[in-house]
Amino acid sequence: MIDLRSDTVTHPTPAMRDAMYEAELGDDVFGDDPTVNALQERAAELLGKEAALFVASGSMANLVSQLAHLGRGQETIAGASTHIVDDEQAGHAVVVGTSIKQMRENPDGTFDLEELEAAFRDPDDPHQPITGLVAIENTHAHSMAQPLSLEYTRGVAQIAHGHGVPLHVDGARFFNATVALRLTPKQLAEPADSIAFCLSKGLACPVGSVVVGSREFIHRAWRGRKLVGGGMRQVGILAAAGLVALSDGPDGTIARLAEDHANARRLAEGLAEMNGVESPGGLAQPAPGSLDPSRATTNFVVFRLRRDRAAFLDALRSRGVLMVEYNHGTVRAVTHYGVTAADIERVVAACADALRETSVRATQVTSAATLER
Ligand SMILES: Cc1ncc(COP(=O)(O)O)c(C=O)c1O
């Protein structure tokens, strides 16, 4: 199977498996797991922040960041389609006790800075909650994973800081953004007060995310992690894979993300030529017509079909390729470690076949239904 459902399906590299086997362990709730401590130091250094915290998942990273930044009754400003708003069971409300002011988003994953300025609450009006955080998502998933530029991140931070409010970046795919923008992680992290990034997506680790920020922020996030049951013990066995991912040498998995981006572009180019594939619409590509391959700037390809979507996905599966249903009736393919350029050529051929079969099948179903009537 060539599994393009998500970059979360990646398995650890051989170097990661070796490192996990050899990892020196301690009890991380006592703070004495040397491998976790080394990962946290490495992450903080790489992103140019004072400290870091290893957590179980991207959702937990966002949750403990909100617990650390916000008090009950405060409000976060965030894009309406972002993971924090839409895909974390409203953890901000359930656990943190906060609301979210949702911003209209643009197809490049940004929101307008004038609208951001206007979204801050008036702290002197007792009817209103107090704005306590601005959060952006980089890369921004629903815009076909566009990377948000350093200039934009700086603009958002400047406005947030002008109101005395911190900026959090949900960087589940932060390194896809740095690689696509040809920036160092430190450069893109600089304007933000906290960044959460996933090890278990494009970086190919089996489990985990990391939050980085100031020492005080990480101390509060560390307390929040224990509150939500995220205190883990001999967890260096997982952190060891993260240390490999973030290493500079040939075993590191950051620089190779460029291959995933090239593969996504090639897949989008192949799909764009096929009759039956069209613009996904929405934030992913608002312009109607054919799929525009230049929208594939990192590792997502999102498209719409002039076919039955479930039948197409079944036909693909029977040819050894997995993709997934995505929002607003679209299909998503995500490239990642373990999927080669040659695999992408197989995927393009499988899509062309599946489209042919799906149209034939649709015709057969129609004529059978007509006969029954
Ligand atoms: C943008 C974004 N943030 C956060 C997460 C949450 O990560 P996890 O599945 O590890 O909780 C995801 C997962 O897909 C994501 O895409």
# chains A, B, ... in the order shown; residues from 1 in each chain; ligands from 1

call {"tool": "residues_near_ligand", "arguments": {"ligand": "ligand 1", "cutoff": "10 Å", "atoms": "only C-alpha atoms and all ligand atoms", "output": "PyMOL selection string"}}
result
chain A and resi 6-8+55-63+81-88+136-142+145+169-174+196-201+207-209

call {"tool": "write_last_selection", "arguments": {"atoms": "C-alpha atoms", "output": "compact mmCIF listing (two decimals), in the first residue's frame"}}
result
# COMPACT_ATOMS: atom_id res chain seq x y z
CA SER A 6 -1.66 11.53 6.31
CA ASP A 7 1.96 12.10 7.29
CA THR A 8 1.01 10.56 10.65
CA VAL A 55 4.28 15.95 25.20
CA ALA A 56 2.20 13.07 23.85
CA SER A 57 0.56 14.73 20.85
CA GLY A 58 -0.08 17.90 18.89
CA SER A 59 -3.45 18.34 20.57
CA MET A 60 -1.83 18.07 23.99
CA ALA A 61 0.85 20.56 22.91
CA ASN A 62 -1.82 23.10 21.98
CA LEU A 63 -3.82 22.36 25.12
CA SER A 81 -10.71 26.53 10.24
CA THR A 82 -7.69 25.83 12.41
CA HIS A 83 -7.12 22.65 14.39
CA ILE A 84 -7.44 24.44 17.73
CA VAL A 85 -10.89 25.70 16.75
CA ASP A 86 -12.27 22.72 14.85
CA ASP A 87 -10.47 19.53 15.74
CA GLU A 88 -9.63 19.45 19.46
CA ILE A 136 -1.86 30.88 14.10
CA GLU A 137 -1.33 27.55 12.33
CA ASN A 138 1.84 27.03 10.28
CA THR A 139 1.61 25.26 7.90
CA HIS A 140 -2.09 26.06 7.60
CA ALA A 141 -3.85 22.77 6.86
CA HIS A 142 -7.12 23.88 5.26
CA ALA A 145 -0.95 23.44 3.96
CA VAL A 169 2.05 28.97 16.70
CA ASP A 170 0.39 25.59 16.16
CA GLY A 171 3.32 24.31 14.14
CA ALA A 172 2.21 20.71 13.80
CA ARG A 173 4.05 20.95 10.45
CA PHE A 174 6.37 23.82 11.40
CA ALA A 196 4.11 23.54 19.26
CA PHE A 197 5.53 21.14 16.68
CA CYS A 198 4.81 17.48 15.97
CA LEU A 199 7.49 14.82 15.81
CA SER A 200 4.96 12.21 14.72
CA LYS A 201 3.97 13.77 11.39
CA VAL A 207 4.83 9.48 18.96
CA GLY A 208 5.10 12.96 20.35
CA SER A 209 5.18 16.71 20.03

call {"tool": "residues_around", "arguments": {"residues": "stretch 182-186 of chain A", "least_positions_apart": "4", "cutoff": "6 Å", "atoms": "only C-alpha atoms", "output": "list in words"}}
result
Leu47, Gly48, Thr178 and Glu190 of chain A

call {"tool": "residues_around", "arguments": {"residues": "A:Glu22", "least_positions_apart": "4", "cutoff": "12 Å", "atoms": "only C-alpha atoms", "output": "count of residues only"}}
result
11

call {"tool": "select_by_dssp", "arguments": {"residues": "stretch 162-373 of chain A", "states": "alpha helix (DSSP H)", "output": "PyMOL selection string"}}
result
chain A and resi 162+174-181+185-189+215-227+236-245+257-272+309-317+341-372

call {"tool": "write_last_selection", "arguments": {"atoms": "C-alpha atoms", "output": "mmCIF file, in the first residue's frame"}}
result
data_model
loop_
_atom_site.group_PDB
_atom_site.id
_atom_site.type_symbol
_atom_site.label_atom_id
_atom_site.label_comp_id
_atom_site.auth_asym_id
_atom_site.auth_seq_id
_atom_site.Cartn_x
_atom_site.Cartn_y
_atom_site.Cartn_z
ATOM 1 C CA GLY A 162 1.034 45.784 21.107
ATOM 2 C CA PHE A 174 6.365 23.825 11.397
ATOM 3 C CA PHE A 175 9.405 22.284 9.702
ATOM 4 C CA ASN A 176 7.481 21.846 6.446
ATOM 5 C CA ALA A 177 7.038 25.619 6.617
ATOM 6 C CA THR A 178 10.710 26.355 7.369
ATOM 7 C CA VAL A 179 11.874 24.071 4.572
ATOM 8 C CA ALA A 180 9.386 25.501 2.043
ATOM 9 C CA LEU A 181 10.298 29.070 2.993
ATOM 10 C CA PRO A 185 13.639 27.151 12.450
ATOM 11 C CA LYS A 186 15.069 29.896 14.654
ATOM 12 C CA GLN A 187 14.191 32.594 12.115
ATOM 13 C CA LEU A 188 10.569 31.514 11.705
ATOM 14 C CA ALA A 189 10.145 30.917 15.454
ATOM 15 C CA ARG A 215 11.336 29.160 30.907
ATOM 16 C CA GLU A 216 8.314 30.530 32.821
ATOM 17 C CA PHE A 217 5.919 29.506 30.050
ATOM 18 C CA ILE A 218 7.362 25.991 29.897
ATOM 19 C CA HIS A 219 7.094 25.684 33.679
ATOM 20 C CA ARG A 220 3.359 26.453 33.461
ATOM 21 C CA ALA A 221 2.951 24.112 30.457
ATOM 22 C CA TRP A 222 4.726 21.387 32.454
ATOM 23 C CA ARG A 223 2.175 21.789 35.261
ATOM 24 C CA GLY A 224 -0.618 21.729 32.644
ATOM 25 C CA ARG A 225 0.772 18.536 31.139
ATOM 26 C CA LYS A 226 0.513 16.782 34.525
ATOM 27 C CA LEU A 227 -3.028 18.124 34.986
ATOM 28 C CA GLY A 236 13.052 8.640 26.665
ATOM 29 C CA ILE A 237 12.322 5.568 24.581
ATOM 30 C CA LEU A 238 10.079 7.851 22.470
ATOM 31 C CA ALA A 239 12.145 11.021 22.848
ATOM 32 C CA ALA A 240 15.131 9.139 21.370
ATOM 33 C CA ALA A 241 13.382 9.085 17.982
ATOM 34 C CA GLY A 242 12.781 12.821 18.266
ATOM 35 C CA LEU A 243 16.467 13.467 18.928
ATOM 36 C CA VAL A 244 17.321 11.613 15.716
ATOM 37 C CA ALA A 245 14.668 13.576 13.773
ATOM 38 C CA LEU A 257 10.877 17.233 3.864
ATOM 39 C CA ALA A 258 11.865 18.977 0.607
ATOM 40 C CA GLU A 259 11.427 15.571 -1.111
ATOM 41 C CA ASP A 260 7.867 15.339 0.218
ATOM 42 C CA HIS A 261 7.134 18.802 -1.149
ATOM 43 C CA ALA A 262 8.518 17.900 -4.582
ATOM 44 C CA ASN A 263 6.453 14.687 -4.541
ATOM 45 C CA ALA A 264 3.279 16.579 -3.627
ATOM 46 C CA ARG A 265 3.863 19.013 -6.488
ATOM 47 C CA ARG A 266 4.413 16.165 -8.946
ATOM 48 C CA LEU A 267 1.235 14.442 -7.776
ATOM 49 C CA ALA A 268 -0.734 17.683 -8.148
ATOM 50 C CA GLU A 269 0.663 18.162 -11.661
ATOM 51 C CA GLY A 270 -0.375 14.627 -12.621
ATOM 52 C CA LEU A 271 -3.866 15.047 -11.152
ATOM 53 C CA ALA A 272 -4.350 18.466 -12.769
ATOM 54 C CA ARG A 309 -15.790 10.182 -3.998
ATOM 55 C CA ALA A 310 -16.242 6.953 -2.026
ATOM 56 C CA ALA A 311 -16.195 4.882 -5.235
ATOM 57 C CA PHE A 312 -12.980 6.629 -6.348
ATOM 58 C CA LEU A 313 -11.294 5.977 -2.994
ATOM 59 C CA ASP A 314 -12.366 2.304 -3.144
ATOM 60 C CA ALA A 315 -11.016 1.993 -6.668
ATOM 61 C CA LEU A 316 -7.735 3.536 -5.533
ATOM 62 C CA ARG A 317 -7.526 1.202 -2.539
ATOM 63 C CA ALA A 341 9.158 9.747 -6.401
ATOM 64 C CA ALA A 342 8.631 6.362 -8.122
ATOM 65 C CA ASP A 343 5.667 5.679 -5.802
ATOM 66 C CA ILE A 344 4.158 8.988 -6.871
ATOM 67 C CA GLU A 345 4.294 7.896 -10.520
ATOM 68 C CA ARG A 346 2.412 4.724 -9.499
ATOM 69 C CA VAL A 347 -0.113 6.854 -7.637
ATOM 70 C CA VAL A 348 -0.668 9.090 -10.681
ATOM 71 C CA ALA A 349 -1.289 6.007 -12.844
ATOM 72 C CA ALA A 350 -3.606 4.504 -10.192
ATOM 73 C CA CYS A 351 -5.623 7.753 -10.016
ATOM 74 C CA ALA A 352 -6.065 7.796 -13.800
ATOM 75 C CA ASP A 353 -7.253 4.148 -13.709
ATOM 76 C CA ALA A 354 -9.518 4.724 -10.720
ATOM 77 C CA LEU A 355 -11.126 7.715 -12.444
ATOM 78 C CA ARG A 356 -11.822 5.619 -15.535
ATOM 79 C CA GLU A 357 -13.245 2.775 -13.469
ATOM 80 C CA THR A 358 -15.334 5.119 -11.341
ATOM 81 C CA SER A 359 -16.962 6.724 -14.346
ATOM 82 C CA VAL A 360 -17.737 3.281 -15.839
ATOM 83 C CA ARG A 361 -19.104 2.068 -12.526
ATOM 84 C CA ALA A 362 -21.288 5.169 -12.166
ATOM 85 C CA THR A 363 -22.747 4.513 -15.635
ATOM 86 C CA GLN A 364 -23.423 0.854 -14.774
ATOM 87 C CA VAL A 365 -25.177 1.801 -11.547
ATOM 88 C CA THR A 366 -27.341 4.299 -13.425
ATOM 89 C CA SER A 367 -28.374 1.797 -16.102
ATOM 90 C CA ALA A 368 -29.129 -0.897 -13.505
ATOM 91 C CA ALA A 369 -31.276 1.586 -11.609
ATOM 92 C CA THR A 370 -33.067 2.537 -14.846
ATOM 93 C CA LEU A 371 -33.768 -1.153 -15.603
ATOM 94 C CA GLU A 372 -35.218 -1.724 -12.145
#

call {"tool": "closest_residue", "arguments": {"among": "A:Gln234, A:Ser149, A:Thr110, A:Gln285", "to": "A:Gly31", "atoms": "only C-alpha atoms"}}
result
A:Gln234

call {"tool": "residues_around", "arguments": {"residues": "A:Gly79", "least_positions_apart": "4", "cutoff": "7 Å", "atoms": "only C-alpha atoms", "output": "list of chain:residue names"}}
result
A:Gln102, A:Met103, A:Arg104, A:Glu105, A:Phe111, A:Ile136

call {"tool": "write_last_selection", "arguments": {"atoms": "N, CA and C atoms", "output": "CSV table (one decimal), in the first residue's frame"}}
result
chain,number,residue,atom,x,y,z
A,102,GLN,N,-13.2,33.7,16.3
A,102,GLN,CA,-12.7,33.0,15.1
A,102,GLN,C,-12.6,34.1,14.0
A,103,MET,N,-11.5,34.0,13.3
A,103,MET,CA,-11.1,34.9,12.2
A,103,MET,C,-11.4,34.3,10.9
A,104,ARG,N,-11.9,35.2,10.0
A,104,ARG,CA,-12.1,34.8,8.6
A,104,ARG,C,-10.7,34.6,8.0
A,105,GLU,N,-10.5,33.5,7.3
A,105,GLU,CA,-9.1,33.3,6.7
A,105,GLU,C,-9.0,33.4,5.2
A,111,PHE,N,-4.9,35.6,8.2
A,111,PHE,CA,-6.1,36.4,8.3
A,111,PHE,C,-5.6,37.9,8.2
A,136,ILE,N,-1.8,31.1,15.5
A,136,ILE,CA,-1.9,30.9,14.1
A,136,ILE,C,-1.4,29.4,13.9

call {"tool": "closest_residue", "arguments": {"among": "A:Met144, A:Pro250, A:Ala52, A:Pro191", "to": "A:His161", "atoms": "only C-alpha atoms"}}
result
A:Pro191

call {"tool": "atom_distance", "arguments": {"atom1": "atom CA of A:His336", "atom2": "atom CA of A:Val64"}}
result
27.2 Å

call {"tool": "closest_atom_pairs", "arguments": {"of": "stretch 154-226 of chain A", "to": "stretch 115-118 of chain A", "cutoff": "12 Å", "atoms": "only C-alpha atoms", "output": "CSV"}}
result
residue,atom,partner,partner_atom,distance
A:Gly155,CA,A:Leu116,CA,10.2
A:Val156,CA,A:Leu116,CA,7.9
A:Ala157,CA,A:Leu116,CA,10.7
A:Gln158,CA,A:Glu117,CA,10.3
A:Ile159,CA,A:Glu117,CA,6.7
A:Ala160,CA,A:Glu117,CA,8.3
A:His161,CA,A:Glu117,CA,11.2
A:Gly162,CA,A:Glu117,CA,9.7
A:His163,CA,A:Glu117,CA,9.1
A:Val165,CA,A:Glu117,CA,11.9

call {"tool": "select_by_dssp", "arguments": {"residues": "stretch 139-369 of chain A", "states": "strand (DSSP E)", "output": "MDAnalysis selection string"}}
result
chainID A and resid 167:171 194:198 209:213 277:278 300:305 321:322 324:326 330:334
